[in-house]
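> Sharing work05.tsv (TSV, C-alpha atoms and all ligand atoms) below.
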```tsv
chain	number	residue	atom	x	y	z
C	6	MET	CA	83.43	69.86	92.04
C	7	GLY	CA	80.02	69.34	93.67
C	8	ASP	CA	77.00	71.11	92.22
C	9	PHE	CA	76.92	73.62	95.13
C	10	LEU	CA	80.52	74.77	94.52
C	11	LYS	CA	79.64	75.58	90.90
C	12	ASN	CA	77.93	78.67	92.39
C	13	PHE	CA	81.42	80.07	92.95
C	14	SER	CA	82.56	79.45	89.36
C	15	LEU	CA	83.11	82.28	86.87
C	16	GLU	CA	83.11	79.95	83.84
C	17	GLY	CA	81.99	81.74	80.67
C	18	LYS	CA	82.20	85.21	82.22
C	19	ILE	CA	84.20	88.18	80.92
C	20	ALA	CA	85.80	90.19	83.74
C	21	TRP	CA	87.32	93.68	83.47
C	22	ILE	CA	89.63	94.71	86.29
C	23	THR	CA	90.82	98.31	86.05
C	24	GLY	CA	94.43	99.21	86.92
C	25	ALA	CA	95.37	95.53	87.07
C	26	SER	CA	99.06	95.46	86.03
C	27	TYR	CA	100.10	94.72	89.61
C	28	GLY	CA	98.91	95.00	93.20
C	29	LEU	CA	95.39	94.03	94.19
C	30	GLY	CA	94.08	94.27	90.62
C	31	LEU	CA	96.50	91.62	89.40
C	32	ALA	CA	95.53	89.37	92.32
C	33	TYR	CA	91.82	89.74	91.54
C	34	ALA	CA	92.41	88.99	87.84
C	35	VAL	CA	94.48	85.87	88.59
C	36	ALA	CA	91.78	84.60	90.96
C	37	TYR	CA	89.09	85.26	88.35
C	38	ALA	CA	91.06	83.51	85.61
C	39	GLU	CA	91.60	80.50	87.87
C	40	SER	CA	87.84	80.53	88.52
C	41	GLY	CA	87.11	80.30	84.78
C	42	ALA	CA	86.69	83.91	83.66
C	43	LYS	CA	88.19	85.59	80.59
C	44	ILE	CA	90.19	88.67	81.69
C	45	VAL	CA	90.45	92.16	80.23
C	46	PHE	CA	92.45	94.88	82.01
C	47	ASN	CA	93.68	98.41	81.50
C	48	ASP	CA	96.30	100.58	83.06
C	49	ILE	CA	97.41	104.18	82.80
C	50	ASN	CA	100.31	103.76	80.35
C	51	GLN	CA	101.79	101.23	77.91
C	52	GLU	CA	104.74	100.46	80.20
C	53	LEU	CA	102.35	99.28	82.92
C	54	VAL	CA	100.15	97.40	80.44
C	55	ASP	CA	103.25	95.59	79.13
C	56	LYS	CA	104.28	94.83	82.74
C	57	GLY	CA	100.85	93.38	83.35
C	58	LEU	CA	100.82	91.35	80.12
C	59	ALA	CA	104.15	89.82	81.14
C	60	GLU	CA	102.79	88.96	84.60
C	61	TYR	CA	99.72	87.25	83.15
C	62	LYS	CA	101.80	85.41	80.53
C	63	LYS	CA	104.10	84.16	83.33
C	64	ARG	CA	100.99	82.65	84.94
C	65	GLY	CA	99.70	81.16	81.68
C	66	ILE	CA	96.71	83.51	81.64
C	67	ASP	CA	95.56	84.79	78.21
C	68	VAL	CA	94.26	88.35	78.66
C	69	TYR	CA	93.30	91.45	76.68
C	70	GLY	CA	95.13	94.50	77.98
C	71	ALA	CA	95.27	98.11	76.76
C	72	VAL	CA	96.04	101.63	77.88
C	73	CYS	CA	92.99	103.44	79.26
C	74	ASP	CA	92.76	106.30	81.76
C	75	VAL	CA	89.62	105.64	83.79
C	76	THR	CA	89.08	109.39	84.22
C	77	LYS	CA	88.63	109.91	80.45
C	78	GLU	CA	85.20	108.78	79.26
C	79	ASP	CA	86.21	108.64	75.58
C	80	GLN	CA	89.09	106.29	76.42
C	81	VAL	CA	86.84	104.12	78.59
C	82	VAL	CA	84.12	103.81	75.91
C	83	LYS	CA	86.76	102.83	73.32
C	84	PHE	CA	88.42	100.37	75.72
C	85	VAL	CA	85.09	98.62	76.39
C	86	ALA	CA	84.27	98.39	72.67
C	87	ASP	CA	87.73	97.06	71.79
C	88	ALA	CA	87.80	94.60	74.71
C	89	GLU	CA	84.35	93.22	73.99
C	90	LYS	CA	85.26	92.80	70.29
C	91	ALA	CA	88.47	91.00	71.28
C	92	MET	CA	86.62	88.72	73.71
C	93	GLY	CA	83.53	88.14	71.56
C	94	GLY	CA	81.11	89.13	74.25
C	95	THR	CA	80.05	91.85	76.69
C	96	ILE	CA	81.59	92.49	80.12
C	97	ASP	CA	79.87	90.51	82.88
C	98	ILE	CA	82.06	91.60	85.82
C	99	LEU	CA	83.64	95.02	86.41
C	100	VAL	CA	86.09	95.59	89.26
C	101	ASN	CA	86.74	99.32	89.76
C	102	ASN	CA	90.19	98.73	91.23
C	103	ALA	CA	92.30	101.57	89.74
C	104	GLY	CA	93.13	104.12	92.40
C	105	ILE	CA	95.62	106.64	93.67
C	106	ILE	CA	96.31	108.27	97.01
C	107	LYS	CA	98.04	111.51	97.96
C	108	ARG	CA	99.18	111.77	101.58
C	109	ILE	CA	99.26	115.55	102.11
C	110	PRO	CA	97.92	117.62	105.04
C	111	MET	CA	94.64	119.17	103.87
C	112	THR	CA	95.83	122.70	104.53
C	113	GLU	CA	98.78	122.07	102.19
C	114	MET	CA	96.88	120.13	99.51
C	115	THR	CA	96.18	122.03	96.29
C	116	VAL	CA	92.76	121.84	94.66
C	117	ASP	CA	94.44	120.17	91.68
C	118	GLN	CA	95.90	117.45	93.93
C	119	TRP	CA	92.47	116.97	95.54
C	120	GLN	CA	90.80	116.77	92.14
C	121	GLN	CA	93.27	114.19	90.81
C	122	VAL	CA	92.35	111.80	93.64
C	123	ILE	CA	88.60	112.40	93.29
C	124	ASP	CA	88.85	111.93	89.52
C	125	VAL	CA	90.56	108.53	89.70
C	126	ASP	CA	89.03	107.08	92.85
C	127	LEU	CA	85.42	108.27	92.50
C	128	THR	CA	84.71	109.65	89.02
C	129	GLY	CA	86.61	106.79	87.39
C	130	PRO	CA	84.31	104.12	88.88
C	131	PHE	CA	81.29	106.24	87.78
C	132	ILE	CA	82.61	106.44	84.19
C	133	CYS	CA	83.55	102.74	83.98
C	134	SER	CA	80.29	101.56	85.56
C	135	LYS	CA	78.28	103.79	83.19
C	136	ALA	CA	80.13	102.20	80.26
C	137	VAL	CA	79.23	98.59	81.15
C	138	LEU	CA	75.74	98.96	82.65
C	139	PRO	CA	73.74	99.17	79.34
C	140	ALA	CA	74.97	95.75	78.19
C	141	MET	CA	74.41	94.29	81.69
C	142	ILE	CA	70.84	95.62	81.66
C	143	LYS	CA	70.27	94.11	78.20
C	144	LYS	CA	71.74	90.77	79.33
C	145	GLY	CA	69.74	90.80	82.57
C	146	SER	CA	72.77	90.23	84.78
C	147	GLY	CA	76.03	91.84	85.88
C	148	LYS	CA	78.47	92.34	88.75
C	149	ILE	CA	80.15	95.62	89.67
C	150	ILE	CA	82.69	95.51	92.49
C	151	ASN	CA	84.19	98.73	93.84
C	152	ALA	CA	87.48	99.16	95.73
C	153	CYS	CA	86.44	100.81	98.98
C	154	SER	CA	88.74	101.12	101.96
C	155	MET	CA	89.10	101.61	105.71
C	156	MET	CA	88.86	105.25	104.62
C	157	SER	CA	85.30	104.61	103.49
C	158	GLU	CA	84.54	104.56	107.24
C	159	PHE	CA	87.44	106.25	109.05
C	160	GLY	CA	89.47	109.41	108.56
C	161	ARG	CA	93.13	109.87	109.30
C	162	GLU	CA	95.70	112.61	108.91
C	163	THR	CA	96.82	113.55	105.38
C	164	VAL	CA	94.29	111.50	103.36
C	165	SER	CA	91.33	113.94	103.08
C	166	ALA	CA	90.84	113.55	99.30
C	167	TYR	CA	91.22	109.76	99.42
C	168	ALA	CA	88.78	109.40	102.33
C	169	ALA	CA	86.25	111.67	100.63
C	170	ALA	CA	86.55	109.64	97.42
C	171	LYS	CA	86.31	106.25	99.15
C	172	GLY	CA	83.38	107.46	101.27
C	173	GLY	CA	81.65	108.63	98.11
C	174	LEU	CA	82.45	105.31	96.46
C	175	LYS	CA	80.58	103.54	99.28
C	176	MET	CA	77.49	105.59	98.44
C	177	LEU	CA	77.96	105.11	94.68
C	178	THR	CA	78.01	101.36	95.42
C	179	ARG	CA	74.68	101.67	97.23
C	180	ASN	CA	73.20	103.84	94.48
C	181	ILE	CA	74.11	101.50	91.63
C	182	CYS	CA	72.50	98.73	93.69
C	183	SER	CA	69.38	100.85	94.19
C	184	GLU	CA	69.05	101.94	90.56
C	185	TYR	CA	69.97	98.68	88.76
C	186	GLY	CA	69.22	95.83	91.18
C	187	GLN	CA	65.94	95.35	89.30
C	188	TYR	CA	67.98	94.08	86.30
C	189	ASN	CA	69.72	91.39	88.36
C	190	ILE	CA	72.82	93.56	88.61
C	191	GLN	CA	74.70	93.43	91.91
C	192	CYS	CA	77.03	96.23	92.94
C	193	ASN	CA	79.09	95.63	96.06
C	194	ALA	CA	82.48	96.76	97.36
C	195	ILE	CA	85.56	95.18	98.83
C	196	GLY	CA	86.81	97.11	101.85
C	197	PRO	CA	90.40	95.97	102.42
C	198	GLY	CA	92.26	96.84	105.57
C	199	TYR	CA	95.98	97.57	105.27
C	200	ILE	CA	97.43	95.36	102.53
C	201	ALA	CA	101.09	95.09	101.53
C	202	THR	CA	101.16	96.54	97.99
C	203	PRO	CA	103.19	99.29	96.29
C	204	GLN	CA	100.52	101.80	97.33
C	205	THR	CA	101.21	101.21	101.03
C	206	ALA	CA	104.96	100.64	100.71
C	207	PRO	CA	105.78	104.15	102.04
C	208	LEU	CA	103.97	103.24	105.29
C	209	ARG	CA	106.17	100.19	105.80
C	210	GLU	CA	109.57	101.63	104.93
C	211	LYS	CA	112.26	101.10	107.56
C	212	GLN	CA	113.48	104.19	109.39
C	213	PRO	CA	117.09	105.42	108.86
C	214	ASP	CA	118.12	103.63	112.08
C	215	GLY	CA	116.61	100.36	110.75
C	216	SER	CA	113.60	100.47	113.06
C	217	MET	CA	110.02	99.86	111.94
C	218	HIS	CA	108.08	102.71	110.34
C	219	PRO	CA	105.92	104.23	113.13
C	220	PHE	CA	102.81	103.67	111.00
C	221	ASP	CA	103.73	100.00	110.55
C	222	ARG	CA	103.85	99.51	114.32
C	223	PHE	CA	100.67	101.61	114.71
C	224	ILE	CA	98.59	99.65	112.22
C	225	ARG	CA	99.71	96.36	113.74
C	226	SER	CA	98.46	97.62	117.11
C	227	LYS	CA	95.09	98.29	115.46
C	228	THR	CA	94.92	94.90	113.72
C	229	PRO	CA	94.10	91.85	115.93
C	230	ALA	CA	96.10	89.67	113.52
C	231	GLN	CA	99.06	92.06	114.09
C	232	ARG	CA	100.05	91.72	110.45
C	233	TRP	CA	99.53	93.46	107.09
C	234	GLY	CA	97.16	91.79	104.68
C	235	LYS	CA	98.48	89.91	101.67
C	236	THR	CA	96.90	90.26	98.21
C	237	GLU	CA	96.05	86.55	98.48
C	238	ASP	CA	93.86	87.32	101.50
C	239	LEU	CA	91.41	89.21	99.27
C	240	MET	CA	91.11	86.78	96.34
C	241	GLY	CA	88.37	84.60	97.84
C	242	LEU	CA	86.09	87.53	98.59
C	243	ALA	CA	86.70	89.00	95.15
C	244	VAL	CA	85.64	85.72	93.49
C	245	PHE	CA	82.63	85.35	95.81
C	246	LEU	CA	81.31	88.84	95.00
C	247	ALA	CA	81.76	88.17	91.25
C	248	SER	CA	79.99	84.78	91.37
C	249	PRO	CA	76.35	83.59	91.39
C	250	ALA	CA	76.87	82.67	95.05
C	251	SER	CA	76.46	86.36	95.94
C	252	ASP	CA	73.45	87.14	93.71
C	253	PHE	CA	71.30	88.22	96.68
C	254	ILE	CA	73.99	90.47	98.19
C	255	ASN	CA	73.70	94.03	96.89
C	256	GLY	CA	74.87	97.47	97.95
C	257	GLN	CA	77.24	96.15	100.60
C	258	VAL	CA	80.82	97.02	101.51
C	259	VAL	CA	82.46	93.84	102.79
C	260	TYR	CA	85.40	94.72	105.02
C	261	ILE	CA	88.34	92.32	104.90
C	262	ASP	CA	90.71	93.96	107.34
C	263	GLY	CA	92.05	91.40	109.83
C	264	GLY	CA	89.65	92.83	112.40
C	265	ILE	CA	90.71	96.51	112.35
C	266	SER	CA	87.13	97.82	112.14
C	267	ALA	CA	86.08	95.75	115.17
C	268	TYR	CA	89.01	96.52	117.50
C	269	ILE	CA	89.83	99.55	119.65
C	270	GLY	CA	93.53	98.69	119.41
C	271	GLN	CA	96.35	98.38	121.93
C	272	ASP	CA	99.42	100.42	122.87
C	273	PRO	CA	101.87	100.02	119.96
C	274	ASN	CA	104.68	99.80	122.55
C	275	ASN	CA	103.13	96.61	123.98
C	276	LEU	CA	103.61	94.74	120.69
C	277	ASP	CA	106.18	91.95	120.59
C	278	PRO	CA	107.74	92.05	117.07
C	279	SER	CA	109.06	88.50	117.54
C	280	LYS	CA	105.42	87.36	117.28
C	281	PHE	CA	104.80	89.09	113.90
C	282	THR	CA	104.00	86.32	111.42
C	283	ASP	CA	104.56	88.32	108.22
C	284	ILE	CA	108.14	89.55	108.62
C	285	ASP	CA	111.44	87.91	109.41
C	286	GLU	CA	112.20	88.09	113.13
C	287	ASN	CA	115.53	89.76	112.37
C	288	GLU	CA	113.74	92.48	110.43
C	289	ALA	CA	111.40	93.38	113.25
C	290	GLN	CA	112.76	95.99	115.66
H	301	LIG	P1	98.25	100.38	93.45
H	301	LIG	O1	99.32	99.44	93.81
H	301	LIG	O2	98.51	101.85	93.49
H	301	LIG	O3	97.66	99.99	92.00
H	301	LIG	C1	96.65	100.80	91.45
H	301	LIG	C2	96.73	100.64	89.94
H	301	LIG	O4	95.81	101.56	89.33
H	301	LIG	C3	98.13	101.01	89.43
H	301	LIG	O5	98.48	100.16	88.35
H	301	LIG	C4	97.90	102.44	88.95
H	301	LIG	O6	98.84	102.90	88.03
H	301	LIG	C5	96.52	102.29	88.33
H	301	LIG	N1	95.93	103.61	88.03
H	301	LIG	C6	96.11	104.77	88.70
H	301	LIG	N2	95.45	105.76	88.11
H	301	LIG	C7	94.82	105.22	87.02
H	301	LIG	C8	93.98	105.75	85.99
H	301	LIG	N3	93.64	107.04	85.94
H	301	LIG	N4	93.53	104.90	85.03
H	301	LIG	C9	93.88	103.59	85.04
H	301	LIG	N5	94.68	103.03	85.98
H	301	LIG	C10	95.13	103.84	86.96
H	301	LIG	O7	97.00	100.13	94.39
H	301	LIG	P2	96.63	98.82	95.25
H	301	LIG	O8	97.26	98.89	96.60
H	301	LIG	O9	96.81	97.60	94.40
H	301	LIG	O10	95.07	99.10	95.49
H	301	LIG	C11	94.13	98.86	94.44
H	301	LIG	C12	92.82	99.52	94.85
H	301	LIG	O11	92.45	99.07	96.17
H	301	LIG	C13	92.92	101.04	94.94
H	301	LIG	O12	91.67	101.61	94.54
H	301	LIG	C14	93.15	101.30	96.43
H	301	LIG	O13	92.67	102.57	96.82
H	301	LIG	C15	92.34	100.20	97.04
H	301	LIG	N6	92.77	99.80	98.39
H	301	LIG	C16	94.07	99.44	98.63
H	301	LIG	C17	94.42	99.06	99.94
H	301	LIG	C18	95.82	98.66	100.30
H	301	LIG	O14	96.10	98.55	101.51
H	301	LIG	N7	96.70	98.44	99.34
H	301	LIG	C19	93.45	99.01	100.93
H	301	LIG	C20	92.15	99.41	100.64
H	301	LIG	C21	91.81	99.79	99.36
H	301	LIG	P3	100.06	103.78	88.64
H	301	LIG	O15	101.07	102.78	89.08
H	301	LIG	O16	100.54	104.66	87.51
H	301	LIG	O17	99.49	104.59	89.79
H	302	LIG	C1	96.80	105.15	104.16
H	302	LIG	C2	96.69	103.88	103.36
H	302	LIG	C3	95.25	103.41	103.34
H	302	LIG	C4	95.16	102.11	102.57
H	302	LIG	C5	93.77	101.60	102.52
H	302	LIG	C6	93.25	101.23	103.89
H	302	LIG	O1	97.56	106.04	103.77
H	302	LIG	O2	96.11	105.21	105.20
H	302	LIG	O3	97.16	104.08	102.03
H	302	LIG	O4	94.44	104.37	102.77
H	302	LIG	O5	95.57	102.28	101.26
H	302	LIG	O6	92.90	102.44	101.86
H	302	LIG	O7	92.01	100.56	103.73
```
Reformat the file's structure so that it appears as structure tokens.
Ligand code: NAP
Ligand code: GCO

Amino acid sequence: MGDFLKNFSLEGKIAWITGASYGLGLAYAVAYAESGAKIVFNDINQELVDKGLAEYKKRGIDVYGAVCDVTKEDQVVKFVADAEKAMGGTIDILVNNAGIIKRIPMTEMTVDQWQQVIDVDLTGPFICSKAVLPAMIKKGSGKIINACSMMSEFGRETVSAYAAAKGGLKMLTRNICSEYGQYNIQCNAIGPGYIATPQTAPLREKQPDGSMHPFDRFIRSKTPAQRWGKTEDLMGLAVFLASPASDFINGQVVYIDGGISAYIGQDPNNLDPSKFTDIDENEAQ
């Protein structure tokens, strides 16, 4: 590897990806491990942690994993202490990936349902960032990467709590940058478009008559690439934002959405499913 490319290496770094048993978190962790980092991850219950440990073992990646609810500060503080003891060093990179969504019309959403989403998607990143910042300040370096969203910029029906949380997370990203940039700590966010993971599976489910989910057709009409993102599409950006190559980027949300945020969209009925590159032609109707 040439000297310049070493700027993209994570050799010698300890990376914590929250909620990384599967989905985007697993993809980020695999990319970080392949870039030289040591990986620690948490998830909400032992079953998911065990699922994650099996996934990492399958890929030959040695990780530390434990149960930790990102909304509970006592669990987060203990997780960080245990993980750093296991890894023999402090956390250099935090990816606030853990998240939930509830798709409920606002007038039907209970305050408890609202609060659950805010707690995981906004308060969780606050708690986890607060837990790793002191050591980053002492070390004089650190990377915090938040999981923003199209809903950090746009609203849509039924996702009021999620959009409010992801909009707030954009501003938390900017505020961590503002408050801690002086310690050579960079806080940025990944803003994925619509990615094929379990979280978005309900939006891609086939209709009873075998036709495409209306939202599937809709989002393809809003995406120039006319396809859903793959977790692999996000790995390069995740590594870049965790590496020295991005040390002068701070407080930014980098959208990786296939062009959704730049495109007014077209009539979903004008789409030709035979041209979709991410599903079998026979599937597309
Ligand atoms: P996902 O499939 O739902 O995975 C999220 C992970 O976080 C799951 O393992 C989940 O466990 C875990 N989690 C939930 N609550 C937690 C808590 N309190 N403490 C610890 N872990 C918790 O989500 P994803 O699609 O991979 O997305 C990952 C992140 O990217 C999320 O923040 C999401 O909002 C964001 N994002 C996703 C997309 C997309 O299109 N997929 C686009 C933009 C942004 P459970 O399985 O129990 O919920
Ligand atoms: C939804 C989706 C989105 C994606 C993602 C888009 O219901 O609209 O779940 O919110 O998860 O956040 O960037």
> With all atoms listed in the file counted and 7 Å as the cut-off, give the residues of chain C in contact with ligand LIG 301 (chain H), each with its shortest interatomic distance in Å and the pair that gives it, as CSV.

```
residue,atom,partner,partner_atom,distance
C:Thr23,CA,H:LIG301,N5,6.1
C:Gly24,CA,H:LIG301,O4,3.6
C:Ala25,CA,H:LIG301,O5,5.7
C:Ser26,CA,H:LIG301,O5,5.3
C:Tyr27,CA,H:LIG301,O5,5.8
C:Gly28,CA,H:LIG301,O9,3.6
C:Leu29,CA,H:LIG301,O9,3.8
C:Gly30,CA,H:LIG301,O9,5.7
C:Asn47,CA,H:LIG301,C9,6.3
C:Asp48,CA,H:LIG301,N5,4.1
C:Ile49,CA,H:LIG301,C9,4.2
C:Leu53,CA,H:LIG301,O5,6.7
C:Cys73,CA,H:LIG301,C9,5.9
C:Asp74,CA,H:LIG301,N4,3.6
C:Val75,CA,H:LIG301,N4,4.2
C:Thr76,CA,H:LIG301,N3,5.4
C:Asn102,CA,H:LIG301,C12,4.5
C:Ala103,CA,H:LIG301,O4,3.5
C:Gly104,CA,H:LIG301,O12,3.6
C:Ile105,CA,H:LIG301,C6,5.3
C:Ile106,CA,H:LIG301,O13,6.8
C:Val125,CA,H:LIG301,N3,5.1
C:Asp126,CA,H:LIG301,O12,6.3
C:Ala152,CA,H:LIG301,O11,5.0
C:Cys153,CA,H:LIG301,C21,5.5
C:Ser154,CA,H:LIG301,C20,4.0
C:Met155,CA,H:LIG301,C20,6.3
C:Gly196,CA,H:LIG301,C20,5.9
C:Pro197,CA,H:LIG301,C20,4.3
C:Gly198,CA,H:LIG301,C19,5.3
C:Tyr199,CA,H:LIG301,O14,3.9
C:Ile200,CA,H:LIG301,O14,3.6
C:Ala201,CA,H:LIG301,N7,5.9
C:Thr202,CA,H:LIG301,O8,4.8
C:Pro203,CA,H:LIG301,O1,4.6
C:Gln204,CA,H:LIG301,O2,4.3
C:Thr205,CA,H:LIG301,N7,5.6
```
> So the first atom is atom O4 of ligand LIG 302 (chain H) and the second is atom CA of Ser216 of chain C; what is the distance between them in Å, to one decimal place?
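That distance, rounded to one decimal, is 22.1 Å.
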> Please identify all polymer residues within 7 Å of Asn151 of chain C, counting only C-alpha atoms, omitting same-chain residues fewer than 4 positions from it, and present them as a PyMOL selection string.
chain C and resi 100-102+178+193-195
> Hey, which of C:Phe159, C:Tyr167, C:Tyr185, C:Phe223 ends up closest to Leu127 of chain C? Count all atoms listed in the file.
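Distance minimum relative to Leu127 of chain C lands on C:Tyr167.
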> Find the residue from C:Phe46, C:Phe9, C:Phe220, C:Phe281 that sits nearest to Pro207 of chain C; use only C-alpha atoms when measuring.
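Smallest separation from Pro207 of chain C among the options: C:Phe220.
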> When distances are computed from all atoms listed in the file, which of C:Asp252, C:Asp272, C:Glu158, C:Glu52 shows the smallest separation from ligand LIG 302 (chain H)?
C:Glu158
> For Ser134 of chain C, work out the shell of residues within 12 Å, counting only C-alpha atoms and skipping chain neighbours fewer than 5 positions away, then give it as an NGL selection string.
:C and (21-23 or 75-76 or 78 or 81-82 or 85 or 96-102 or 127-129 or 139-142 or 147-151 or 174 or 177-178 or 180-182 or 185 or 190-192)
> Report, in Å with one decimal, the straight-line distance from atom CA of Leu208 of chain C to atom CA of Gln51 of chain C.
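The value is 27.5 Å.
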> In Å, with one decimal, what is the gap from atom CA of Ala20 of chain C to atom CA of Ile44 of chain C?
5.1 Å
> Tell me which of C:Ala36, C:Leu276, C:Val122, C:Met240 sits closest to ligand LIG 302 (chain H), counting all atoms listed in the file.
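Nearest candidate to ligand LIG 302 (chain H) out of C:Ala36, C:Leu276, C:Val122, C:Met240: C:Val122.
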